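Engineer: So I've got this file, structure26.txt, and it contains compact mmCIF, C-alpha atoms (C1' of nucleotides):
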```txt
# COMPACT_ATOMS: atom_id res chain seq x y z
CA MET V 1231 13.54 30.76 -8.14
CA ALA V 1232 12.80 28.08 -10.62
CA GLY V 1233 9.46 28.83 -12.19
CA GLN V 1234 7.76 32.15 -12.70
CA SER V 1235 5.57 31.46 -15.69
CA LYS V 1236 2.13 32.95 -15.15
CA SER V 1237 -0.74 32.74 -17.56
CA GLN V 1238 1.44 33.36 -20.54
CA GLY V 1239 0.46 31.62 -23.73
CA MET V 1240 1.96 28.28 -22.97
CA THR V 1241 0.47 26.85 -26.09
CA TYR V 1242 3.18 27.62 -28.57
CA ARG V 1243 4.14 24.21 -29.72
CA GLN V 1244 7.02 25.56 -31.67
CA THR V 1245 9.16 23.70 -34.13
CA ALA V 1246 12.23 25.65 -33.15
CA ALA V 1247 13.06 24.25 -29.76
CA LEU V 1248 13.35 26.82 -27.02
CA LYS V 1249 16.71 26.72 -25.43
CA PRO V 1250 16.46 26.53 -21.67
CA ARG V 1251 18.73 29.05 -20.09
CA ALA V 1252 21.04 27.98 -17.33
CA GLY V 1253 19.09 26.89 -14.28
CA GLU V 1254 15.76 26.88 -16.06
CA TYR V 1255 13.62 24.06 -17.22
CA ALA V 1256 12.98 23.44 -20.86
CA VAL V 1257 9.51 24.62 -21.80
CA GLN V 1258 7.31 21.70 -22.70
CA PRO V 1259 3.62 22.28 -22.20
CA ASP V 1260 2.59 18.67 -21.68
CA LYS V 1261 5.65 17.10 -20.21
CA LEU V 1262 6.09 16.98 -16.50
CA HIS V 1263 9.42 17.56 -14.85
CA LEU V 1264 10.34 15.28 -12.01
CA GLY V 1265 12.60 17.88 -10.46
CA GLN V 1266 14.65 16.60 -7.57
CA LEU V 1267 12.79 13.33 -7.75
CA ASN V 1268 15.39 12.48 -10.35
CA SER V 1269 17.98 12.07 -7.64
CA HIS V 1270 16.02 9.52 -5.62
CA LEU V 1271 16.71 5.87 -6.13
CA GLY V 1272 13.61 5.04 -4.14
CA TYR V 1273 11.34 6.79 -6.59
CA PHE V 1274 12.51 4.79 -9.58
CA LEU V 1275 12.63 1.59 -7.60
CA ARG V 1276 9.05 2.14 -6.61
CA ARG V 1277 7.87 2.96 -10.12
CA LEU V 1278 9.29 -0.20 -11.60
CA GLN V 1279 8.19 -2.32 -8.66
CA VAL V 1280 4.63 -1.13 -9.07
CA LEU V 1281 4.76 -1.80 -12.78
CA VAL V 1282 6.05 -5.32 -12.26
CA PHE V 1283 3.58 -6.07 -9.48
CA GLN V 1284 0.63 -4.88 -11.52
CA ASP V 1285 1.44 -7.44 -14.16
CA PHE V 1286 2.08 -10.10 -11.55
CA ILE V 1287 -1.15 -9.45 -9.67
CA ALA V 1288 -3.10 -9.58 -12.90
CA THR V 1289 -1.33 -12.82 -13.76
CA LEU V 1290 -2.26 -14.55 -10.51
CA LYS V 1291 -5.77 -13.17 -10.39
CA ALA V 1292 -7.04 -16.29 -12.12
CA MET V 1293 -5.81 -18.32 -9.15
CA LYS V 1294 -7.05 -15.77 -6.63
CA LEU V 1295 -3.58 -15.45 -5.22
CA ARG V 1296 -1.71 -12.39 -4.03
CA PRO V 1297 2.06 -11.88 -4.28
CA ALA V 1298 2.64 -12.43 -0.57
CA GLN V 1299 0.73 -15.71 -0.65
CA TYR V 1300 2.71 -16.79 -3.67
CA SER V 1301 6.01 -16.07 -1.96
CA VAL V 1302 4.92 -18.02 1.10
CA LEU V 1303 3.97 -21.04 -0.99
CA LEU V 1304 7.34 -21.02 -2.74
CA VAL V 1305 9.23 -20.73 0.51
CA ILE V 1306 7.26 -23.52 2.16
CA GLU V 1307 7.99 -25.67 -0.86
CA ALA V 1308 11.69 -24.93 -0.58
CA ASN V 1309 11.73 -25.32 3.21
CA PRO V 1310 9.21 -27.95 4.19
CA GLY V 1311 8.57 -28.35 7.87
CA LYS V 1312 9.80 -24.96 8.97
CA SER V 1313 7.96 -22.74 11.42
CA GLN V 1314 5.88 -19.66 10.82
CA ALA V 1315 8.35 -17.51 12.69
CA LEU V 1316 11.19 -18.58 10.46
CA ILE V 1317 9.29 -18.08 7.26
CA GLY V 1318 7.99 -14.75 8.40
CA GLN V 1319 11.47 -13.51 9.18
CA GLY V 1320 12.84 -14.73 5.89
CA LEU V 1321 10.21 -12.99 3.85
CA GLY V 1322 9.81 -9.94 6.03
CA ILE V 1323 6.18 -10.71 6.76
CA GLU V 1324 4.97 -9.77 10.19
CA ARG V 1325 3.81 -12.45 12.57
CA ALA V 1326 0.18 -11.43 12.73
CA ARG V 1327 -0.16 -10.95 9.03
CA LEU V 1328 1.44 -14.29 8.24
CA ALA V 1329 -0.90 -16.09 10.63
CA ARG V 1330 -3.95 -14.78 8.80
CA LEU V 1331 -2.39 -15.42 5.42
CA LEU V 1332 -1.71 -19.03 6.38
CA HIS V 1333 -5.23 -19.52 7.66
CA GLU V 1334 -6.42 -18.67 4.21
CA LEU V 1335 -3.99 -21.07 2.53
CA GLU V 1336 -5.03 -23.79 4.96
CA ARG V 1337 -8.69 -23.12 4.30
CA ARG V 1338 -7.96 -23.77 0.64
CA LYS V 1339 -6.19 -26.99 1.65
CA TRP V 1340 -2.92 -25.99 0.01
CA ILE V 1341 -0.85 -26.21 3.16
CA ARG V 1342 -1.02 -28.12 6.40
CA ARG V 1343 0.29 -27.07 9.79
CA HIS V 1344 1.59 -29.57 12.21
CA ARG V 1345 2.15 -28.64 15.84
CA SER V 1346 5.79 -29.51 16.22
CA ASP V 1347 6.68 -27.77 19.35
CA GLY V 1348 3.77 -26.75 21.48
CA ARG V 1349 4.36 -23.24 20.35
CA SER V 1350 5.50 -23.45 16.80
CA HIS V 1351 3.74 -24.84 13.78
CA SER V 1352 5.62 -26.69 11.11
CA LEU V 1353 4.38 -25.98 7.61
CA ILE V 1354 4.16 -28.22 4.58
CA LEU V 1355 2.42 -28.21 1.25
CA THR V 1356 -0.39 -30.66 0.74
CA ARG V 1357 -0.56 -32.75 -2.41
CA GLU V 1358 -3.27 -30.42 -3.53
CA GLY V 1359 -1.02 -27.48 -2.81
CA GLU V 1360 1.76 -28.92 -4.91
CA THR V 1361 -0.60 -29.40 -7.80
CA ALA V 1362 -1.86 -25.86 -7.53
CA LEU V 1363 1.66 -24.52 -7.20
CA THR V 1364 2.67 -26.18 -10.43
CA LYS V 1365 -0.05 -24.36 -12.25
CA ILE V 1366 0.81 -21.14 -10.44
CA LYS V 1367 4.45 -21.39 -11.34
CA ASN V 1368 3.55 -21.70 -14.98
CA LEU V 1369 1.66 -18.45 -14.80
CA ALA V 1370 4.50 -16.84 -12.90
CA GLU V 1371 6.96 -17.87 -15.57
CA LYS V 1372 4.83 -16.28 -18.23
CA HIS V 1373 4.77 -13.13 -16.16
CA GLU V 1374 8.53 -13.16 -15.78
CA ALA V 1375 8.94 -13.62 -19.50
CA ARG V 1376 6.69 -10.61 -20.16
CA ILE V 1377 8.73 -8.53 -17.76
CA GLY V 1378 11.93 -9.64 -19.39
CA LYS V 1379 10.54 -8.58 -22.73
CA GLN V 1380 9.35 -5.24 -21.41
CA VAL V 1381 12.48 -4.40 -19.47
CA GLY V 1382 14.89 -5.98 -21.87
CA PRO V 1383 16.49 -9.32 -21.08
CA LYS V 1384 19.90 -7.83 -20.57
CA ARG V 1385 18.70 -5.06 -18.35
CA ARG V 1386 16.66 -7.55 -16.37
CA MET V 1387 19.70 -9.66 -15.70
CA GLN V 1388 21.75 -6.65 -14.67
CA LEU V 1389 19.03 -5.58 -12.28
CA MET V 1390 18.75 -9.05 -10.79
CA ASP V 1391 22.49 -9.17 -10.22
CA LEU V 1392 22.50 -5.76 -8.57
CA LEU V 1393 19.46 -6.40 -6.40
CA ARG V 1394 20.03 -9.95 -5.25
CA ASP V 1395 22.43 -9.00 -2.52
CA PHE V 1396 19.85 -7.27 -0.35
CA GLY V 1397 17.17 -8.68 1.86
CA MET D 1363 18.52 -9.35 10.24
CA ALA D 1364 16.96 -9.68 13.62
CA GLY D 1365 19.93 -10.71 15.66
CA GLN D 1366 19.04 -14.10 16.92
CA SER D 1367 22.48 -15.59 17.32
CA LYS D 1368 22.48 -16.85 20.84
CA SER D 1369 25.70 -16.64 22.72
CA GLN D 1370 27.53 -19.28 20.72
CA GLY D 1371 25.47 -22.41 20.75
CA MET D 1372 24.47 -22.88 17.11
CA THR D 1373 27.88 -23.91 15.91
CA TYR D 1374 27.15 -27.40 14.68
CA ARG D 1375 27.38 -26.17 11.16
CA GLN D 1376 30.73 -27.41 10.05
CA THR D 1377 31.23 -30.21 12.52
CA ALA D 1378 29.23 -32.78 10.65
CA ALA D 1379 27.82 -31.18 7.54
CA LEU D 1380 24.86 -33.15 6.31
CA LYS D 1381 25.18 -33.96 2.66
CA PRO D 1382 22.06 -33.18 0.69
CA ARG D 1383 21.06 -36.00 -1.53
CA ALA D 1384 20.23 -35.36 -5.14
CA GLY D 1385 17.13 -33.21 -5.50
CA GLU D 1386 17.18 -32.20 -1.87
CA TYR D 1387 18.09 -28.97 -0.28
CA ALA D 1388 21.18 -28.58 1.81
CA VAL D 1389 20.29 -28.87 5.46
CA GLN D 1390 20.84 -25.62 7.25
CA PRO D 1391 18.76 -25.20 10.37
CA ASP D 1392 18.60 -21.40 10.33
CA LYS D 1393 18.85 -20.45 6.70
CA LEU D 1394 15.80 -20.12 4.57
CA HIS D 1395 15.80 -20.98 0.89
CA LEU D 1396 13.99 -18.62 -1.41
CA GLY D 1397 13.34 -21.34 -3.94
CA GLN D 1398 11.87 -20.11 -7.18
CA LEU D 1399 11.59 -16.65 -5.71
CA ASN D 1400 15.17 -16.32 -6.86
CA SER D 1401 14.01 -16.02 -10.43
CA HIS D 1402 11.64 -13.11 -9.82
CA LEU D 1403 12.85 -9.61 -10.46
CA GLY D 1404 9.78 -8.27 -8.71
CA TYR D 1405 10.70 -9.91 -5.44
CA PHE D 1406 14.09 -8.29 -5.23
CA LEU D 1407 12.79 -4.99 -6.47
CA ARG D 1408 10.21 -5.05 -3.74
CA ARG D 1409 12.66 -5.96 -1.02
CA LEU D 1410 14.99 -3.11 -1.80
CA GLN D 1411 12.16 -0.67 -2.35
CA VAL D 1412 10.74 -1.46 1.07
CA LEU D 1413 14.15 -1.06 2.64
CA VAL D 1414 14.69 2.30 1.00
CA PHE D 1415 11.22 3.54 1.83
CA GLN D 1416 11.52 2.56 5.47
CA ASP D 1417 14.52 4.82 5.81
CA PHE D 1418 12.83 7.56 3.84
CA ILE D 1419 9.61 7.44 5.84
CA ALA D 1420 11.58 7.58 9.06
CA THR D 1421 13.53 10.52 7.66
CA LEU D 1422 10.46 12.56 6.83
CA LYS D 1423 8.59 11.63 9.97
CA ALA D 1424 9.90 14.76 11.67
CA MET D 1425 8.08 16.83 9.05
CA LYS D 1426 5.01 14.65 9.16
CA LEU D 1427 5.30 14.00 5.47
CA ARG D 1428 4.74 10.85 3.49
CA PRO D 1429 6.60 9.86 0.33
CA ALA D 1430 3.68 10.61 -1.94
CA GLN D 1431 3.27 14.08 -0.47
CA TYR D 1432 6.96 14.68 -0.90
CA SER D 1433 6.88 13.69 -4.54
CA VAL D 1434 3.93 15.98 -5.16
CA LEU D 1435 5.70 18.93 -3.58
CA LEU D 1436 8.77 18.38 -5.72
CA VAL D 1437 6.76 18.09 -8.89
CA ILE D 1438 4.74 21.21 -8.13
CA GLU D 1439 7.98 23.03 -7.53
CA ALA D 1440 9.35 21.87 -10.86
CA ASN D 1441 6.06 22.50 -12.69
CA PRO D 1442 4.38 25.50 -11.13
CA GLY D 1443 0.89 26.24 -12.33
CA LYS D 1444 0.07 22.81 -13.65
CA SER D 1445 -3.21 21.04 -13.01
CA GLN D 1446 -4.01 18.19 -10.67
CA ALA D 1447 -4.81 15.91 -13.55
CA LEU D 1448 -1.39 16.45 -15.10
CA ILE D 1449 0.48 15.95 -11.89
CA GLY D 1450 -1.54 12.91 -11.01
CA GLN D 1451 -0.77 11.33 -14.35
CA GLY D 1452 2.90 12.13 -14.10
CA LEU D 1453 3.28 10.55 -10.71
CA GLY D 1454 0.79 7.76 -11.15
CA ILE D 1455 -1.41 9.00 -8.34
CA GLU D 1456 -5.10 8.48 -8.80
CA ARG D 1457 -7.41 11.45 -9.09
CA ALA D 1458 -9.33 10.91 -5.89
CA ARG D 1459 -6.29 10.22 -3.83
CA LEU D 1460 -4.43 13.25 -5.14
CA ALA D 1461 -7.38 15.50 -4.33
CA ARG D 1462 -7.31 14.47 -0.69
CA LEU D 1463 -3.56 14.63 -0.53
CA LEU D 1464 -3.63 18.19 -1.87
CA HIS D 1465 -6.29 19.22 0.60
CA GLU D 1466 -3.93 18.26 3.35
CA LEU D 1467 -1.04 20.20 1.80
CA GLU D 1468 -3.32 23.19 1.36
CA ARG D 1469 -4.49 22.95 4.95
CA ARG D 1470 -0.86 23.23 5.97
CA LYS D 1471 -0.54 26.26 3.69
CA TRP D 1472 2.26 24.73 1.65
CA ILE D 1473 0.46 24.93 -1.66
CA ARG D 1474 -2.24 27.10 -3.18
CA ARG D 1475 -4.74 26.16 -5.82
CA HIS D 1476 -5.97 28.62 -8.32
CA ARG D 1477 -9.01 27.91 -10.45
CA SER D 1478 -7.56 28.35 -13.89
CA ASP D 1479 -10.11 26.76 -16.03
CA GLY D 1480 -13.48 26.32 -14.40
CA ARG D 1481 -12.67 22.67 -14.07
CA SER D 1482 -8.98 22.44 -13.44
CA HIS D 1483 -6.97 23.79 -10.58
CA SER D 1484 -3.52 25.21 -11.11
CA LEU D 1485 -1.10 24.40 -8.32
CA ILE D 1486 1.74 26.43 -6.87
CA LEU D 1487 3.88 26.37 -3.79
CA THR D 1488 3.35 29.12 -1.26
CA ARG D 1489 6.30 30.98 0.19
CA GLU D 1490 5.76 28.91 3.30
CA GLY D 1491 5.78 25.77 1.18
CA GLU D 1492 9.10 26.71 -0.39
CA THR D 1493 10.62 27.26 3.01
CA ALA D 1494 9.37 23.93 4.26
CA LEU D 1495 10.53 22.21 1.11
CA THR D 1496 14.04 23.51 1.59
CA LYS D 1497 14.18 21.89 4.98
CA ILE D 1498 12.58 18.74 3.62
CA LYS D 1499 15.07 18.47 0.80
CA ASN D 1500 17.90 18.64 3.27
CA LEU D 1501 16.49 15.66 5.10
CA ALA D 1502 15.92 13.85 1.83
CA GLU D 1503 19.52 14.39 0.82
CA LYS D 1504 20.70 12.87 4.05
CA HIS D 1505 18.48 9.90 3.37
CA GLU D 1506 19.85 9.51 -0.11
CA ALA D 1507 23.38 9.65 1.23
CA ARG D 1508 22.58 6.92 3.73
CA ILE D 1509 21.15 4.77 0.97
CA GLY D 1510 24.19 5.38 -1.17
CA LYS D 1511 26.36 4.25 1.67
CA GLN D 1512 24.27 1.18 2.36
CA VAL D 1513 23.88 0.10 -1.25
CA GLY D 1514 27.28 1.22 -2.35
CA PRO D 1515 27.72 4.39 -4.38
CA LYS D 1516 28.64 2.57 -7.51
CA ARG D 1517 25.82 0.10 -7.29
CA ARG D 1518 23.44 2.95 -6.59
CA MET D 1519 24.49 4.74 -9.74
CA GLN D 1520 24.15 1.60 -11.80
CA LEU D 1521 20.68 1.02 -10.45
CA MET D 1522 19.65 4.60 -11.15
CA ASP D 1523 20.86 4.31 -14.71
CA LEU D 1524 19.01 1.07 -15.25
CA LEU D 1525 15.79 2.21 -13.63
CA ARG D 1526 15.46 5.74 -14.92
CA ASP D 1527 14.06 4.70 -18.25
CA PHE D 1528 10.77 3.45 -16.85
CA GLY D 1529 7.73 5.33 -15.62
C1' DG S 962 -25.75 28.64 -31.72
C1' DC S 963 -26.78 23.53 -29.32
C1' DG S 964 -26.20 19.13 -27.45
C1' DT S 965 -23.57 15.06 -26.45
C1' DG S 966 -19.75 13.09 -24.58
C1' DA S 967 -15.35 13.71 -22.27
C1' DA S 968 -12.51 15.78 -18.67
C1' DT S 969 -11.85 17.51 -13.91
C1' DG S 970 -12.17 17.63 -9.22
C1' DT S 971 -14.77 15.98 -5.28
C1' DT S 972 -16.80 12.78 -2.02
C1' DG S 973 -18.09 8.10 -0.44
C1' DT S 974 -17.10 3.42 0.24
C1' DC S 975 -14.57 -1.01 0.38
C1' DA S 976 -10.73 -4.34 0.61
C1' DT S 977 -5.93 -4.83 1.51
C1' DT S 978 -1.94 -3.80 3.94
C1' DG S 979 1.31 -2.70 7.67
C1' DA S 980 1.86 -1.70 12.35
C1' DC S 981 1.00 -2.42 17.20
C1' DA S 982 -0.94 -4.04 21.37
C1' DA S 983 -2.68 -7.63 24.16
C1' DC S 984 -3.08 -12.35 25.18
C1' DA S 985 -2.51 -17.54 26.14
C1' DA S 986 0.38 -21.22 25.71
C1' DT S 987 4.85 -22.88 25.72
C1' DC S 988 9.80 -22.93 25.80
C1' DT S 989 14.55 -21.49 27.56
C1' DG S 990 18.04 -20.41 30.68
C1' DC S 991 19.28 -19.92 35.24
C1' DG Y 500 10.77 -24.21 39.54
C1' DC Y 501 10.70 -19.36 37.95
C1' DA Y 502 11.32 -15.25 35.17
C1' DG Y 503 11.59 -13.81 30.83
C1' DA Y 504 11.48 -14.74 25.92
C1' DT Y 505 9.16 -16.97 21.90
C1' DT Y 506 5.23 -18.35 19.14
C1' DG Y 507 0.96 -18.01 17.28
C1' DT Y 508 -3.47 -15.70 17.60
C1' DT Y 509 -6.88 -12.02 17.65
C1' DG Y 510 -8.25 -7.09 17.73
C1' DT Y 511 -7.78 -2.55 16.21
C1' DC Y 512 -6.16 1.61 13.56
C1' DA Y 513 -4.25 4.41 9.94
C1' DA Y 514 -2.80 4.58 5.21
C1' DT Y 515 -3.37 3.13 0.59
C1' DG Y 516 -5.41 1.79 -3.85
C1' DA Y 517 -9.43 1.04 -6.35
C1' DC Y 518 -13.83 2.14 -7.90
C1' DA Y 519 -18.35 4.36 -8.30
C1' DA Y 520 -21.18 8.39 -8.34
C1' DC Y 521 -21.69 13.13 -8.89
C1' DA Y 522 -21.61 18.30 -10.33
C1' DT Y 523 -19.36 21.37 -13.07
C1' DT Y 524 -17.17 22.66 -17.10
C1' DC Y 525 -15.00 21.95 -21.51
C1' DA Y 526 -14.47 20.22 -26.45
C1' DC Y 527 -16.25 18.94 -30.52
C1' DG Y 528 -19.56 17.67 -33.89
C1' DC Y 529 -23.38 19.45 -36.22
```
How does the structure come out when it is put into C-alpha cells?
Structural biologist:
Amino acid sequence: MAGQSKSQGMTYRQTAALKPRAGEYAVQPDKLHLGQLNSHLGYFLRRLQVLVFQDFIATLKAMKLRPAQYSVLLVIEANPGKSQALIGQGLGIERARLARLLHELERRKWIRRHRSDGRSHSLILTREGETALTKIKNLAEKHEARIGKQVGPKRRMQLMDLLRDFG
Amino acid sequence: MAGQSKSQGMTYRQTAALKPRAGEYAVQPDKLHLGQLNSHLGYFLRRLQVLVFQDFIATLKAMKLRPAQYSVLLVIEANPGKSQALIGQGLGIERARLARLLHELERRKWIRRHRSDGRSHSLILTREGETALTKIKNLAEKHEARIGKQVGPKRRMQLMDLLRDFG
DNA sequence: GCGTGAATGTTGTCATTGACAACAATCTGC
DNA sequence: GCAGATTGTTGTCAATGACAACATTCACGC
C-alpha cells in the first residue's frame, strides 16, 4: 500500500526535491513521518505536556517537589481546612495516592492535618509550608515564563483559553 | 464529576450568600479553588491529556494495545524499513523501552525486524500486522470522533493547529 | 590497514505512578 | 439502632521512565 521501498539507495540527498506522487510520502531519508498520528489530538497534547512537565520537574527539583505535590500545596492554600476527599476529587488524585503524598508533606512539616470529623481530615498549610510555597511559586513563575517564551506568549494564551474549560 | 449531589439538600447556596471579605475566597462548600494552578498551562494540558488518553486506552483495550504501541505501529507503517533508533527518536521513546515494546509486537507477529546493518534493525509490518492495524485504526477513529464531540469540533481543530508545531 | 570512540540494540534494576482490593473507623439516612 | 456509604489507610501489581552496563558493529582519524 503505502511503502514499498526496499534496500534502494536511499542516500540521494538531492537538491531537486522529489515530488511525491498522489498517495505517497515524500522521500526524506532522515525525517520520520507521523502517519495517521497526525490526526490524533491526544498525541500532540501528550507531546507538549511532556515537554512542559520536563521543564517543570527540573525547575522544582531543587525543592525536591513533584508536580502532584505542588498542585496539592496550591489547592490547600486556596482552600484551607478542606478534606482529603475533596481535594483528591478536585485534582483527580486517587484516595490512596493522596494519602501517601500528604504523609510526605506532613513529614516535611509543610502541612498539618486536623481530625475534623472522625473520618475526614482537614488540611492546612503550616507557617513553614507557606514560606516554602512562596519560594516554590517563584520557581514556578520562572518556569511558566520559560514556557511562554518557548511556546510563544500569544499561543500560550490561546491554549490556556481553549483548555481551561475541561477538568 | 463524580455525581455527589444528594437528592436536593445542598441548596443553601443562594439563600444567604456569604460575602467574602477582601483577600478571602468566596465561601462555597463544595467547590474547590485551583488557586495559582490557574496560571499553569501544564496543569490544563495534563488534565485534558489524561481525559483523552483514558478514552483512548479504553478504546484499544479490546485489542490489548497501549498508546505507545499504537504510535509505533503507525510510524512503522508510515516509515517501513527504518531503524529502532530512528523511530525511537521520532516518538520520544527511549531505546531500552522501545526494544521491549517491539519484542512484544514481534511476539504477536505484527512486525518483523530485519538486520540491515549489523547493528541496526529495520522494521516492517507483517501482513498480519497490517490487518490488525486496519481494525485498530477503525477503533482509533471512533475514539477521535468521541473526543471531537466532547471537546467540540471547532475547539479540537484549534487545539490541533496550535499544538502541531511542537515535538 | 588499525584503533579509538560513537552508535545500536539488549538486558537488568530502581523509583514513581495509577489502579484496585481490603480494612477499620465513622458517618448518614431510614 | 442498623445497613450501607464515606473516609482515610495500607498492601500489592502492572506499566512507565530513567539509567547503567554490556556486546556488537560502525565511523572516522591516522
Engineer: Measure the distance from atom CA of Val1414 of chain D to atom C1' of DG979 of chain S in Å and round it to one decimal.
Structural biologist: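 We find that atom CA of Val1414 of chain D and atom C1' of DG979 of chain S lie 15.8 Å from each other.
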Engineer: Chain D residues within 10 Å of chain Y, counting only C-alpha atoms (C1' of nucleotides): which ones, as a list in words?
Structural biologist: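 So the residues of chain D near chain Y are Arg1428, Ile1455, Glu1456, Ala1458, Arg1459, Asp1479, Gly1480, Arg1481 and Ser1482 of chain D.
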Engineer: Rounded to one decimal, what separation in Å do you get between atom CA of Phe1528 of chain D and atom CA of Leu1271 of chain V?
Structural biologist: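 Separation of atom CA of Phe1528 of chain D and atom CA of Leu1271 of chain V: 12.5 Å.
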Engineer: Check the smallest atom-to-atom distance from each of D:Lys1393, D:His1505, D:His1465, D:Arg1408 to chain S using all atoms listed in the file, then report the winner.
Structural biologist: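 Looking at the shortest contact to chain S, the residue is D:His1465.
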Engineer: Could you tell me which residues of chain S sit within 8 Å of chain V when counting only C-alpha atoms (C1' of nucleotides), and give me the result as a PyMOL selection string?
Structural biologist: chain S and resi 986-988
Engineer: Using all atoms listed in the file, find each residue in chain V having at least one atom no more than 7 Å away from chain D; report its shortest atom-to-atom pair and that distance in Å (one decimal), rows by chain then rising number, as a tab-separated table.
Structural biologist:
```
residue	atom	partner	partner_atom	distance
V:Gly1233	CA	D:Pro1442	CA	6.2
V:Leu1262	CA	D:Gly1452	CA	6.3
V:His1263	CA	D:Ala1440	CA	5.9
V:Leu1264	CA	D:Val1437	CA	5.5
V:Gly1265	CA	D:Ala1440	CA	5.2
V:Gln1266	CA	D:Leu1436	CA	6.4
V:Leu1267	CA	D:Ser1433	CA	6.7
V:His1270	CA	D:Glu1506	CA	6.7
V:Leu1271	CA	D:Met1522	CA	6.0
V:Gly1272	CA	D:Val1414	CA	5.9
V:Phe1274	CA	D:Leu1525	CA	5.8
V:Leu1275	CA	D:Gln1411	CA	5.7
V:Arg1276	CA	D:Gln1411	CA	6.0
V:Arg1277	CA	D:Gly1529	CA	6.0
V:Leu1278	CA	D:Phe1528	CA	6.6
V:Gln1279	CA	D:Leu1407	CA	5.8
V:Val1282	CA	D:Gly1404	CA	5.9
V:Phe1283	CA	D:Gly1404	CA	6.6
V:Ser1301	CA	D:Leu1399	CA	6.7
V:Leu1304	CA	D:Gly1397	CA	6.1
V:Val1305	CA	D:Leu1396	CA	5.5
V:Ala1308	CA	D:Gly1397	CA	5.2
V:Asn1309	CA	D:His1395	CA	6.4
V:Gly1320	CA	D:Leu1394	CA	6.3
V:Glu1374	CA	D:His1402	CA	6.7
V:Arg1385	CA	D:Leu1524	CA	6.9
V:Met1390	CA	D:Leu1403	CA	5.9
V:Leu1392	CA	D:Arg1517	CA	6.9
V:Leu1393	CA	D:Phe1406	CA	5.8
V:Arg1394	CA	D:Phe1406	CA	6.2
V:Phe1396	CA	D:Leu1410	CA	6.6
V:Gly1397	CA	D:Arg1409	CA	6.0
```
Engineer: To one decimal in Å, tell me the separation between atom CA of Glu1334 of chain V and atom C1' of DT974 of chain S.
Structural biologist: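 Distance between the two atoms: 24.9 Å.
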Engineer: Find the residues near Gln1314 of chain V: any atom within 8 Å, counting all atoms listed in the file, skip ones fewer than 6 places away on the same chain, and give them as a ChimeraX atom specification.
Structural biologist: /V:1325,1328-1329,1350-1353
Engineer: Can you tell me, as a list in words, what residues are no more than 12 Å from Ala1362 of chain V when counting only C-alpha atoms (C1' of nucleotides), ignoring any on the same chain fewer than 2 positions away?
Structural biologist: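 That gives Leu1290, Ala1292, Met1293, Lys1294, Leu1295, Tyr1300, Leu1303, Leu1304, Glu1307, Leu1335, Arg1338, Lys1339, Trp1340, Ile1341, Leu1355, Thr1356, Arg1357, Glu1358, Gly1359, Glu1360, Thr1364, Lys1365, Ile1366, Lys1367, Asn1368 and Leu1369 of chain V.
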